[in-house]
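Undergrad: The file below is target_19.cif, mmCIF, C-alpha atoms:
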data_upload
#
loop_
_atom_site.label_atom_id
_atom_site.label_comp_id
_atom_site.auth_asym_id
_atom_site.auth_seq_id
_atom_site.Cartn_x
_atom_site.Cartn_y
_atom_site.Cartn_z
CA MET A 1375 -2.18 5.03 48.13
CA ILE A 1376 -5.85 6.03 48.37
CA LYS A 1377 -4.65 9.33 49.81
CA ASP A 1378 -2.35 9.85 46.80
CA ILE A 1379 -5.16 9.12 44.39
CA LEU A 1380 -7.52 11.53 46.15
CA GLU A 1381 -4.80 14.15 46.23
CA VAL A 1382 -4.25 14.14 42.49
CA LEU A 1383 -8.01 14.14 41.91
CA SER A 1384 -8.44 17.39 43.86
CA PRO A 1385 -11.19 19.78 42.72
CA THR A 1386 -8.61 22.14 41.18
CA ASN A 1387 -7.05 19.35 39.12
CA LEU A 1388 -10.41 17.98 38.06
CA THR A 1389 -11.52 21.44 36.92
CA PHE A 1390 -8.29 21.72 34.97
CA LEU A 1391 -8.98 18.40 33.23
CA LEU A 1392 -12.57 19.42 32.64
CA ASN A 1393 -11.38 22.59 30.88
CA GLY A 1394 -9.15 20.40 28.75
CA LEU A 1395 -12.10 18.20 27.89
CA GLY A 1396 -14.06 21.34 27.03
CA LEU A 1397 -11.38 22.40 24.54
CA THR A 1398 -11.23 18.88 23.04
CA LEU A 1399 -14.98 18.88 22.44
CA TYR A 1400 -15.03 22.48 21.21
CA LEU A 1401 -12.25 21.83 18.67
CA SER A 1402 -13.78 18.53 17.57
CA ALA A 1403 -17.22 20.07 17.07
CA ILE A 1404 -15.90 22.87 14.84
CA ILE A 1405 -13.67 20.45 12.89
CA ILE A 1406 -16.55 18.03 12.37
CA VAL A 1407 -18.94 20.72 11.09
CA LEU A 1408 -16.38 22.35 8.76
CA SER A 1409 -15.13 19.00 7.44
CA THR A 1410 -18.60 17.65 6.78
CA VAL A 1411 -19.49 20.72 4.69
CA LEU A 1412 -16.17 20.71 2.81
CA GLY A 1413 -16.23 16.92 2.46
CA THR A 1414 -19.70 17.00 0.89
CA ILE A 1415 -18.61 19.68 -1.58
CA LEU A 1416 -15.49 17.69 -2.49
CA ALA A 1417 -17.49 14.47 -2.89
CA VAL A 1418 -20.01 16.15 -5.20
CA MET A 1419 -17.16 17.74 -7.18
CA ARG A 1420 -15.41 14.40 -7.62
CA ASN A 1421 -18.64 12.75 -8.73
CA GLY A 1422 -19.60 15.63 -11.07
CA LYS A 1423 -19.36 16.01 -14.84
CA ASN A 1424 -17.05 19.04 -14.83
CA ALA A 1425 -13.56 17.63 -15.58
CA PRO A 1426 -11.36 20.36 -14.03
CA LEU A 1427 -13.39 20.34 -10.79
CA ARG A 1428 -13.37 16.57 -10.74
CA TRP A 1429 -9.60 16.48 -11.11
CA MET A 1430 -9.00 19.13 -8.49
CA ALA A 1431 -11.15 17.25 -5.98
CA SER A 1432 -9.51 13.91 -6.82
CA ILE A 1433 -5.99 15.22 -6.42
CA TYR A 1434 -6.82 17.00 -3.17
CA ILE A 1435 -8.58 13.97 -1.68
CA GLU A 1436 -5.98 11.40 -2.68
CA PHE A 1437 -2.95 13.47 -1.75
CA VAL A 1438 -4.31 14.59 1.61
CA ARG A 1439 -5.73 11.32 2.87
CA ASN A 1440 -2.69 9.23 1.95
CA VAL A 1441 -0.41 11.26 4.21
CA PRO A 1442 -0.63 11.12 8.03
CA ASN A 1443 -2.76 13.67 9.84
CA LEU A 1444 0.24 14.41 12.04
CA LEU A 1445 2.22 15.54 9.00
CA TRP A 1446 -0.55 18.04 8.19
CA ILE A 1447 -0.46 19.35 11.74
CA PHE A 1448 3.31 19.89 11.46
CA THR A 1449 2.93 21.38 7.98
CA ILE A 1450 0.31 23.90 9.08
CA PHE A 1451 2.30 24.79 12.18
CA LEU A 1452 5.87 24.85 10.84
CA VAL A 1453 5.52 25.53 7.11
CA PHE A 1454 2.43 27.76 7.02
CA GLN A 1455 3.21 29.08 10.51
CA LEU A 1456 -0.33 29.34 11.79
CA LYS A 1457 -0.60 29.44 15.57
CA SER A 1458 -2.60 27.73 18.34
CA THR A 1459 -6.33 27.10 17.86
CA GLN A 1460 -6.37 28.26 14.24
CA ALA A 1461 -3.53 25.92 13.36
CA GLY A 1462 -5.24 22.97 15.01
CA LEU A 1463 -8.57 23.66 13.35
CA THR A 1464 -7.02 24.17 9.91
CA ALA A 1465 -4.83 21.07 10.00
CA PHE A 1466 -7.65 18.81 11.13
CA THR A 1467 -10.15 20.28 8.69
CA VAL A 1468 -7.73 19.78 5.79
CA PHE A 1469 -7.28 16.12 6.67
CA THR A 1470 -10.77 15.21 7.88
CA SER A 1471 -12.55 16.82 4.92
CA ALA A 1472 -10.59 14.55 2.55
CA ALA A 1473 -11.35 11.45 4.62
CA LEU A 1474 -15.04 12.36 4.87
CA ALA A 1475 -15.26 13.18 1.15
CA GLU A 1476 -14.43 9.57 0.28
CA ILE A 1477 -16.96 8.20 2.77
CA ILE A 1478 -19.67 10.56 1.49
CA ARG A 1479 -18.85 9.74 -2.13
CA GLY A 1480 -19.14 6.03 -1.35
CA GLY A 1481 -22.56 6.68 0.17
CA LEU A 1482 -23.77 8.76 -2.80
CA ASN A 1483 -22.56 6.15 -5.28
CA SER A 1484 -24.37 3.37 -3.44
CA ILE A 1485 -27.73 4.81 -4.59
CA ASP A 1486 -28.89 3.35 -7.88
CA THR A 1487 -28.53 5.69 -10.89
CA GLY A 1488 -32.10 4.78 -11.90
CA GLN A 1489 -33.28 7.06 -9.13
CA THR A 1490 -31.43 10.05 -10.60
CA GLU A 1491 -32.86 9.26 -14.01
CA ALA A 1492 -36.36 8.94 -12.57
CA GLY A 1493 -35.90 12.27 -10.77
CA LEU A 1494 -34.69 14.01 -13.93
CA SER A 1495 -37.60 12.63 -15.94
CA GLN A 1496 -39.96 14.11 -13.35
CA GLY A 1497 -38.43 17.57 -13.82
CA PHE A 1498 -36.23 17.72 -10.69
CA THR A 1499 -32.96 19.63 -11.07
CA GLN A 1500 -29.65 17.85 -10.26
CA PHE A 1501 -29.45 19.83 -7.02
CA GLN A 1502 -32.99 18.90 -5.97
CA ILE A 1503 -32.30 15.25 -6.73
CA LEU A 1504 -29.21 15.36 -4.51
CA ILE A 1505 -31.02 17.03 -1.61
CA TYR A 1506 -34.41 15.31 -1.72
CA ILE A 1507 -33.70 11.88 -3.19
CA ILE A 1508 -30.07 10.79 -2.93
CA LEU A 1509 -28.84 12.29 0.36
CA PRO A 1510 -31.68 11.07 2.62
CA GLN A 1511 -31.00 7.49 1.51
CA ALA A 1512 -27.22 7.77 1.29
CA ILE A 1513 -26.91 9.19 4.80
CA ARG A 1514 -28.25 5.93 6.22
CA LYS A 1515 -25.59 3.90 4.47
CA MET A 1516 -22.67 6.14 5.32
CA LEU A 1517 -23.59 7.05 8.88
CA PRO A 1518 -21.52 4.36 10.65
CA SER A 1519 -18.34 5.32 8.74
CA ILE A 1520 -18.97 9.04 9.26
CA ILE A 1521 -19.44 8.55 12.99
CA SER A 1522 -16.27 6.50 13.25
CA GLN A 1523 -14.44 9.35 11.49
CA PHE A 1524 -15.87 11.77 14.12
CA VAL A 1525 -14.57 9.46 16.84
CA THR A 1526 -11.17 9.51 15.12
CA VAL A 1527 -11.21 13.33 15.21
CA ILE A 1528 -11.88 13.35 18.96
CA LYS A 1529 -9.10 10.82 19.55
CA ASP A 1530 -6.58 12.52 17.28
CA THR A 1531 -6.99 15.99 18.77
CA SER A 1532 -4.73 14.51 21.47
CA LEU A 1533 -1.86 15.06 19.00
CA LEU A 1534 -2.34 18.82 19.24
CA TYR A 1535 -0.76 19.28 22.67
CA SER A 1536 2.61 17.87 21.68
CA VAL A 1537 2.83 19.85 18.45
CA ILE A 1538 1.21 23.22 19.13
CA ALA A 1539 0.74 23.10 22.93
CA LEU A 1540 -3.06 23.33 22.89
CA GLN A 1541 -4.22 22.34 26.37
CA GLU A 1542 -6.92 19.89 25.39
CA LEU A 1543 -7.73 16.83 27.53
CA PHE A 1544 -4.48 14.95 26.82
CA GLY A 1545 -2.46 18.16 27.17
CA ALA A 1546 -4.11 18.99 30.49
CA SER A 1547 -3.23 15.53 31.80
CA GLN A 1548 0.38 15.93 30.71
CA ILE A 1549 0.65 19.27 32.49
CA LEU A 1550 -0.76 17.74 35.68
CA MET A 1551 1.73 14.88 35.39
CA GLY A 1552 4.49 17.46 35.31
CA ARG A 1553 3.36 18.61 38.77
CA ASN A 1554 2.42 15.18 40.20
CA PHE A 1555 5.04 12.73 39.08
CA GLU A 1556 4.68 9.96 41.71
CA THR A 1557 3.76 6.61 40.18
CA THR A 1558 0.29 6.52 41.73
CA ALA A 1559 -0.56 10.04 40.60
CA VAL A 1560 0.65 9.44 37.06
CA PHE A 1561 -1.30 6.21 36.78
CA THR A 1562 -4.44 7.71 38.22
CA LEU A 1563 -4.26 10.41 35.53
CA TYR A 1564 -3.64 7.86 32.76
CA VAL A 1565 -6.67 5.83 33.87
CA VAL A 1566 -8.85 8.93 34.19
CA ILE A 1567 -8.13 10.32 30.72
CA ALA A 1568 -8.33 6.90 29.05
CA LEU A 1569 -11.74 6.41 30.69
CA VAL A 1570 -12.97 9.89 29.74
CA TYR A 1571 -12.00 9.41 26.08
CA PHE A 1572 -13.52 5.95 26.17
CA ALA A 1573 -16.80 7.11 27.73
CA ILE A 1574 -17.33 9.85 25.16
CA ASN A 1575 -16.35 7.83 22.11
CA PHE A 1576 -18.13 4.68 23.25
CA ALA A 1577 -21.32 6.69 23.76
CA ILE A 1578 -21.00 8.17 20.25
CA SER A 1579 -20.27 4.83 18.55
CA SER A 1580 -23.02 3.02 20.49
CA PHE A 1581 -25.49 5.69 19.41
CA SER A 1582 -24.47 5.24 15.76
CA ARG A 1583 -24.91 1.47 16.03
CA TYR A 1584 -28.35 2.00 17.55
CA LEU A 1585 -29.33 4.38 14.72
CA ALA A 1586 -28.00 2.02 12.06
CA LYS A 1587 -29.98 -0.85 13.57
CA SER A 1588 -33.26 1.05 13.82
CA TRP A 1589 -32.87 2.37 10.26
CA ALA A 1590 -32.04 -1.08 8.92
CA SER A 1591 -35.22 -2.52 10.42
CA SER A 1592 -37.31 0.41 9.13
CA MET A 1593 -36.06 -0.13 5.56
CA GLU A 1594 -36.97 -3.79 5.32
CA MET B 322 6.56 31.40 4.37
CA ASP B 323 8.15 31.87 1.00
CA PHE B 324 6.85 29.18 -1.31
CA THR B 325 9.32 29.96 -4.09
CA GLN B 326 11.60 27.84 -1.87
CA VAL B 327 10.23 24.85 -3.76
CA PHE B 328 12.47 25.91 -6.66
CA ASN B 329 15.50 26.87 -4.60
CA ALA B 330 18.23 24.40 -5.58
CA ASP B 331 20.46 25.26 -2.61
CA LEU B 332 17.77 24.24 -0.13
CA TRP B 333 17.28 20.96 -1.95
CA ALA B 334 21.04 20.36 -2.06
CA SER B 335 21.37 20.92 1.67
CA PHE B 336 18.45 18.55 2.22
CA PHE B 337 19.98 15.80 0.09
CA GLN B 338 23.27 16.12 1.96
CA ASP B 339 21.53 14.60 4.96
CA TRP B 340 19.55 12.15 2.89
CA ASP B 341 21.09 9.17 4.77
CA GLN B 342 19.36 10.23 7.97
CA PHE B 343 16.04 10.56 6.18
CA ALA B 344 16.45 7.18 4.54
CA GLN B 345 17.09 5.69 7.96
CA GLY B 346 14.00 7.39 9.35
CA PHE B 347 11.96 6.02 6.48
CA LEU B 348 13.36 2.54 7.09
CA PHE B 349 12.39 2.85 10.78
CA SER B 350 8.84 3.78 9.74
CA LEU B 351 8.75 0.76 7.43
CA LEU B 352 10.04 -1.60 10.12
CA ILE B 353 7.44 -0.37 12.61
CA SER B 354 4.74 -0.79 9.95
CA ILE B 355 5.76 -4.39 9.25
CA GLY B 356 6.02 -5.36 12.93
CA ALA B 357 2.74 -3.64 13.77
CA LEU B 358 0.97 -5.15 10.76
CA LEU B 359 1.98 -8.70 11.75
CA THR B 360 0.85 -8.06 15.34
CA ALA B 361 -2.42 -6.49 14.19
CA LEU B 362 -3.20 -9.32 11.75
CA PHE B 363 -2.51 -11.93 14.41
CA LEU B 364 -4.71 -10.20 17.01
CA GLY B 365 -7.34 -9.29 14.42
CA VAL B 366 -7.78 -12.86 13.22
CA ILE B 367 -7.97 -14.25 16.76
CA PHE B 368 -10.40 -11.66 18.12
CA GLY B 369 -12.38 -11.55 14.87
CA ALA B 370 -12.87 -15.32 15.02
CA MET B 371 -13.72 -15.13 18.72
CA SER B 372 -16.49 -12.64 18.04
CA THR B 373 -18.22 -15.05 15.65
CA THR B 374 -18.21 -18.07 17.97
CA LYS B 375 -21.19 -19.22 20.03
CA SER B 376 -19.37 -18.77 23.35
CA LYS B 377 -20.68 -15.69 25.18
CA VAL B 378 -17.47 -15.30 27.17
CA LEU B 379 -15.26 -15.24 24.06
CA ARG B 380 -17.61 -12.81 22.31
CA PHE B 381 -17.62 -10.54 25.35
CA LEU B 382 -13.80 -10.57 25.64
CA SER B 383 -13.45 -9.70 21.99
CA ARG B 384 -16.03 -6.89 22.35
CA VAL B 385 -14.14 -5.40 25.30
CA TYR B 386 -10.85 -5.46 23.39
CA VAL B 387 -12.32 -3.91 20.25
CA GLU B 388 -14.29 -1.20 22.04
CA PHE B 389 -11.44 -0.21 24.34
CA TYR B 390 -8.90 0.22 21.57
CA GLN B 391 -11.23 1.82 19.05
CA ASN B 392 -12.40 4.42 21.54
CA THR B 393 -9.18 5.63 23.17
CA PRO B 394 -6.48 7.70 21.45
CA LEU B 395 -3.41 5.92 20.15
CA LEU B 396 -1.20 8.58 21.73
CA VAL B 397 -2.62 7.80 25.20
CA GLN B 398 -1.74 4.13 24.66
CA PHE B 399 1.75 5.15 23.55
CA VAL B 400 2.47 7.16 26.69
CA ILE B 401 0.97 4.48 28.95
CA ILE B 402 3.26 1.81 27.50
CA TYR B 403 6.35 3.98 27.04
CA TYR B 404 6.26 6.10 30.21
CA GLY B 405 3.75 4.26 32.40
CA LEU B 406 4.88 0.65 32.10
CA PRO B 407 8.41 1.28 33.45
CA LEU B 408 6.96 3.31 36.35
CA ILE B 409 4.47 0.68 37.46
CA SER B 410 6.86 -2.26 37.00
CA ASN B 411 9.59 -0.51 38.96
CA PHE B 412 11.68 -0.16 35.77
CA VAL B 413 11.67 -3.90 35.02
CA LEU B 414 9.51 -3.62 31.90
CA MET B 415 11.05 -0.93 29.71
CA PRO B 416 10.05 -1.48 26.10
CA SER B 417 12.29 0.26 23.56
CA ILE B 418 10.75 2.88 21.28
CA TYR B 419 10.54 0.35 18.46
CA TRP B 420 8.67 -2.25 20.52
CA THR B 421 6.43 0.39 22.07
CA ALA B 422 5.38 1.43 18.57
CA VAL B 423 4.89 -2.14 17.35
CA ILE B 424 2.84 -3.11 20.42
CA CYS B 425 0.70 0.04 20.48
CA VAL B 426 0.00 0.35 16.77
CA GLY B 427 -0.46 -3.44 16.58
CA LEU B 428 -2.99 -3.53 19.42
CA TYR B 429 -4.80 -0.45 18.10
CA HIS B 430 -5.22 -1.71 14.54
CA GLY B 431 -5.76 -5.30 15.70
CA ALA B 432 -9.06 -4.01 17.10
CA TYR B 433 -10.03 -2.47 13.75
CA ILE B 434 -8.98 -5.58 11.82
CA ALA B 435 -10.98 -7.79 14.20
CA GLU B 436 -14.05 -5.73 13.30
CA VAL B 437 -13.29 -6.00 9.58
CA ILE B 438 -13.01 -9.77 9.86
CA ARG B 439 -16.16 -10.07 11.98
CA THR B 440 -18.21 -8.02 9.49
CA GLY B 441 -16.83 -10.09 6.60
CA ILE B 442 -17.74 -13.39 8.22
CA GLU B 443 -21.17 -12.13 9.26
CA ALA B 444 -21.86 -11.04 5.68
CA VAL B 445 -22.00 -14.71 4.66
CA PRO B 446 -25.55 -15.95 5.43
CA VAL B 447 -25.86 -18.07 8.61
CA GLY B 448 -27.73 -20.69 6.59
CA GLN B 449 -24.43 -21.75 5.05
CA THR B 450 -22.81 -22.43 8.42
CA GLU B 451 -25.89 -24.36 9.52
CA ALA B 452 -25.92 -26.37 6.30
CA ALA B 453 -22.21 -27.20 6.65
CA LEU B 454 -22.53 -28.20 10.30
CA SER B 455 -25.54 -30.39 9.51
CA GLN B 456 -23.42 -32.17 6.90
CA GLY B 457 -20.86 -33.08 9.55
CA PHE B 458 -18.22 -30.38 8.89
CA THR B 459 -16.41 -29.23 12.01
CA TYR B 460 -16.35 -25.53 12.93
CA ILE B 461 -12.79 -25.15 11.61
CA GLU B 462 -13.63 -26.94 8.35
CA THR B 463 -16.75 -24.82 7.89
CA MET B 464 -14.71 -21.66 8.31
CA ARG B 465 -11.80 -22.77 6.15
CA LEU B 466 -13.69 -24.40 3.28
CA ILE B 467 -16.98 -22.51 3.12
CA ILE B 468 -17.16 -19.23 4.99
CA LEU B 469 -13.68 -17.68 4.63
CA PRO B 470 -13.32 -18.12 0.82
CA GLN B 471 -16.51 -16.08 0.44
CA ALA B 472 -15.81 -13.64 3.26
CA ILE B 473 -12.38 -12.74 1.86
CA ARG B 474 -13.80 -10.57 -0.92
CA THR B 475 -15.74 -8.39 1.53
CA ILE B 476 -12.77 -8.37 3.90
CA LEU B 477 -10.01 -7.30 1.50
CA PRO B 478 -10.97 -3.68 0.67
CA PRO B 479 -11.51 -2.48 4.27
CA MET B 480 -8.42 -4.49 5.24
CA ALA B 481 -6.31 -2.56 2.71
CA ASN B 482 -7.71 0.67 4.15
CA GLN B 483 -6.70 -0.47 7.61
CA VAL B 484 -3.15 -1.10 6.40
CA VAL B 485 -3.09 2.46 5.03
CA ASN B 486 -4.27 3.82 8.38
CA LEU B 487 -1.72 1.67 10.17
CA ILE B 488 1.15 3.05 8.08
CA LYS B 489 -0.06 6.60 8.69
CA ASN B 490 -0.49 6.02 12.43
CA THR B 491 3.08 4.79 12.89
CA SER B 492 3.97 8.50 12.68
CA THR B 493 2.63 8.89 16.25
CA VAL B 494 5.96 7.43 17.38
CA ALA B 495 7.57 10.78 16.48
CA ILE B 496 5.82 12.38 19.45
CA ILE B 497 7.56 10.16 22.01
CA GLY B 498 10.88 10.73 20.19
CA GLY B 499 11.15 7.73 17.87
CA VAL B 500 13.37 8.76 14.95
CA ASP B 501 11.03 7.88 12.07
CA ILE B 502 10.55 9.86 8.86
CA MET B 503 8.11 12.22 10.61
CA PHE B 504 10.51 12.98 13.43
CA MET B 505 13.40 13.54 11.02
CA THR B 506 11.26 15.92 8.98
CA LYS B 507 10.16 18.18 11.81
CA HIS B 508 13.48 17.99 13.63
CA TRP B 509 15.77 18.57 10.65
CA SER B 510 13.62 21.33 9.18
CA ALA B 511 13.53 23.22 12.49
CA VAL B 512 17.29 22.94 12.98
CA HIS B 513 18.11 24.04 9.40
CA SER B 514 15.16 26.46 8.92
CA ASN B 515 14.61 24.64 5.64
CA TYR B 516 11.05 23.39 5.46
CA ILE B 517 9.80 22.73 1.95
CA PRO B 518 12.19 19.98 0.75
CA PRO B 519 11.87 17.68 3.79
CA PHE B 520 8.11 18.15 4.19
CA LEU B 521 7.43 17.60 0.51
CA THR B 522 9.65 14.51 0.46
CA ALA B 523 8.08 13.02 3.58
CA ALA B 524 4.59 13.58 2.14
CA ILE B 525 5.59 11.93 -1.13
CA LEU B 526 7.13 8.93 0.68
CA TYR B 527 3.97 8.34 2.71
CA PHE B 528 1.92 8.85 -0.43
CA ILE B 529 3.91 6.23 -2.35
CA LEU B 530 3.25 3.69 0.40
CA CYS B 531 -0.43 4.47 0.92
CA PHE B 532 -1.88 5.52 -2.44
CA PRO B 533 -1.56 2.13 -4.25
CA LEU B 534 -3.23 0.34 -1.33
CA ALA B 535 -6.02 2.90 -1.04
CA THR B 536 -6.63 2.78 -4.80
CA PHE B 537 -6.69 -1.01 -4.76
CA ALA B 538 -9.28 -0.87 -1.96
CA ARG B 539 -11.47 1.58 -3.88
CA ARG B 540 -11.37 -0.39 -7.17
CA TRP B 541 -11.92 -3.75 -5.51
CA GLU B 542 -14.88 -2.39 -3.59
CA ALA B 543 -16.45 -1.07 -6.79
CA LYS B 544 -15.87 -4.47 -8.40
CA ASN B 545 -17.49 -6.26 -5.48
CA LYS B 546 -20.56 -4.06 -5.79
CA GLU B 547 -21.03 -5.04 -9.40
CA ALA B 548 -20.52 -8.74 -8.65
CA TYR B 549 -23.84 -9.02 -6.83
#
Would you put the structure from the file into C-alpha cells?

TA:
Amino acid sequence: MIKDILEVLSPTNLTFLLNGLGLTLYLSAIIIVLSTVLGTILAVMRNGKNAPLRWMASIYIEFVRNVPNLLWIFTIFLVFQLKSTQAGLTAFTVFTSAALAEIIRGGLNSIDTGQTEAGLSQGFTQFQILIYIILPQAIRKMLPSIISQFVTVIKDTSLLYSVIALQELFGASQILMGRNFETTAVFTLYVVIALVYFAINFAISSFSRYLAKSWASSME
Amino acid sequence: MDFTQVFNADLWASFFQDWDQFAQGFLFSLLISIGALLTALFLGVIFGAMSTTKSKVLRFLSRVYVEFYQNTPLLVQFVIIYYGLPLISNFVLMPSIYWTAVICVGLYHGAYIAEVIRTGIEAVPVGQTEAALSQGFTYIETMRLIILPQAIRTILPPMANQVVNLIKNTSTVAIIGGVDIMFMTKHWSAVHSNYIPPFLTAAILYFILCFPLATFARRWEAKNKEAY
C-alpha cells in the first residue's frame, strides 16, 4: 500500500498537481483583483445619488448574486461562447463582483453619515471623503467577509475543470485519477488535494482573523 | 450568439414542449435544498452550541469541523462521497445522487451555519450568562430563556444568506450528473442548440427562490442596525 501511495506521488505527478495549483492561484488572483475593483464601483453606484446608475447597479447586483455561480460559468461558456481561461475569468468576475459589491456597500454604510457631513463642511469633495475618511474605516469592518469571499473564489475555481476543462488543481487531480484508478491511488489524490485546498484557505482565513483581532484591539 | 433569439417564438415553443423535464429538474433542486437545509440546520445548531460551551474538547471538535468544511471545495467533497466512498467501502456504501447532494451540501453549509450561530450567541454579553447562572438557571435554561431570544435577531439575517447560498450550491450536483434544473439546462440546450429560453428560465427560477430571502436579510440587517 505504501508503495502504491509513493507511486502515485511520483515527482512527475506532483509537478503536474503543482502546475494545477499554479493555475488555480493565478486565476483566483486575477478574479479577486478585477472583482474588487468592479465591486467597489458597483457599491458606490448603488449608494450614489444618480438614479439611473443606482438602478443599473441594483439590478445587476441582485440578478447576478441570486443565481448560482455555476449557471454563470455555463452561460459564459455555452451562450456567450467564450473559451478556456477567458471564459473562466469572465464568469467568475461577473459573479464575484456582485457578491463583493454587497459586502463593500455594507461596509461603507456602516460608517456614520455625520462623518461625511463633517468632511463636506471642511471642504472635502465626495471623492476625497470616500478615499480618505470612509474607506480606511470601512475596510476594517468588511475585511472578514471580503476574505471569506476570496476563499470562496479559490474553492469554486474547482468547478472550471468540469465545465470548460481548465486544468486547475481539481482538474489536474481528476486527470491523474484517470491514469491511476486503483483505490489507494485515488484516495491518496483525494486526500492530497483536499489538504492543499485546506492549507491555502485556512492560512488565508487565519490571517484575516488575526488582522481583524489586531484592528479591533487598536480601535478600542 | 444571436441574442434576438430571446424574441424567437419557435425556440420558446420547443422549450416549453419539454417543460415537464425542466419542472422535474426544478423539483429535484428543491428536494435537495430541503434535505440539505434540514441537515445543515441540525449540524449547525449542534456544532454552534458546542463551540460556545466551556469544554475544550467540544470546542476543538467544532472548530475542526467548521474549518475543514469552510476551507475545502464543495465539489471535492461531492466526488469523495460519490466516487470515493464506494471505492473504499468495497461498494457497500453507495449513496445515491440525491443523498450525496443532501449529505455534502448539508455538511458544507452546516459548518457555515454553526459559525453564524456561534457569532450570534457570542454577541450577547457574557455578563448575562454569568448573571443567569448565578441565579440558579441551568445552562440549557440560560440558553433557551435568556441568550437565544436575543441572539436570534443577529442570527436571522446571515442565516437567510446561508439559505440562499445553500440553494445556489445545490447546483454543484449537476457536475456529477444529478438531473437538477442546472443539469437539464445545460444538457437540453446543448442537445437542441437552443440556449436562451432554458438559461433565462433557469436563472429566473433560481432568482425567484433566492431574491426574497436575500432581500429579507438585507432589510432585517438594516433594521437591526437602527435598533441599537

Undergrad: Could you tell me how far CA of Gly1493 (chain A) lies from CA of Lys1587 (chain A), in Å and to one decimal?

TA: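 If I compute the distance from CA of Gly1493 (chain A) to CA of Lys1587 (chain A), I get 28.3 Å.
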
Undergrad: On this file, the PyMOL selection byres ((chain B) within 9 of (chain A)) gives some set of residues; write that set as a ChimeraX atom specification.

TA: /B:322,388-398,400-401,405,408-409,485-486,488-493,496,503,507,510-511,516-517,520,523-532,535-536,546

Undergrad: Would you kindly translate the PyMOL selection byres ((chain A and resi 1387) around 12) into the concrete residues it picks from this file, as a list in words?

TA: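 Output from the PyMOL selection byres ((chain A and resi 1387) around 12), applied to this file: Ile1379, Leu1380, Glu1381, Val1382, Leu1383, Ser1384, Pro1385, Thr1386, Leu1388, Thr1389, Phe1390, Leu1391, Leu1392, Asn1393, Gly1394, Leu1543, Ala1546, Ser1547, Gln1548, Ile1549, Leu1550, Met1551, Arg1553, Asn1554, Ala1559, Thr1562, Leu1563 and Val1566 of chain A.
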
Undergrad: What would the selection look like, as a PyMOL selection string, if the PyMOL selection byres ((chain B and resi 418) around 12) were run on the coordinates I just shared?

TA: chain B and resi 349-350+353+399-400+402-404+415-417+419-426+491+493-501

Undergrad: Have a look at CA of Gln1523 (chain A) and CA of Ile355 (chain B) and let me know their distance in Å, one decimal.

TA: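 Interatomic distance, CA of Gln1523 (chain A) to CA of Ile355 (chain B): 24.5 Å.
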
Undergrad: Go through A:Gln1460, A:Leu1482, A:Ser1409, A:Ser1582 one by one, measure the shortest atom-to-atom distance of each to Ser1519 (chain A) using all atoms listed in the file, and give the residue with the smallest value.

TA: A:Ser1582

Undergrad: As a PyMOL selection string, please: the residues near Ala1590 (chain A) (cut-off 10 Å, only C-alpha atoms, same-chain neighbours under 5 positions excluded).

TA: chain A and resi 1514-1515+1584-1585

Undergrad: Have a look at CA of Gly1422 (chain A) and CA of Ala1472 (chain A) and let me know their distance in Å, one decimal.

TA: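 Spanning CA of Gly1422 (chain A) to CA of Ala1472 (chain A) is a straight-line distance of 16.4 Å.
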
Undergrad: For the point (-6.4, -4.1, 3.3) in file coordinates, what residues are within 10 Å, counting all atoms listed in the file? Give the answer as a list in words?

TA: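 Residues close enough to count: Ile434, Val437, Ile476, Leu477, Pro478, Pro479, Met480, Ala481, Asn482, Gln483, Val484, Val485, Asn486, Leu534, Ala535, Phe537 and Ala538 of chain B.
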
Undergrad: Would you mind telling me which residue in A:Ala1492, A:Val1418, A:Leu1408, A:Leu1463 lies nearest to Ile1505 (chain A) when using only C-alpha atoms?

TA: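 For Ile1505 (chain A), the nearest of the given residues is A:Val1418.
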
Undergrad: Compare A:Ile1508, A:Leu1534, A:Ile1405, A:Ile1477 by their minimum atom-to-atom distance to Glu1491 (chain A), counting only C-alpha atoms, and give me the closest one.

TA: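 For Glu1491 (chain A), the nearest of the given residues is A:Ile1508.
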
Undergrad: Smallest atom-to-atom distance to Ala1431 (chain A): which of A:Thr1398, A:Ser1471, A:Gln1500, A:Ser1458, using only C-alpha atoms?

TA: A:Ser1471
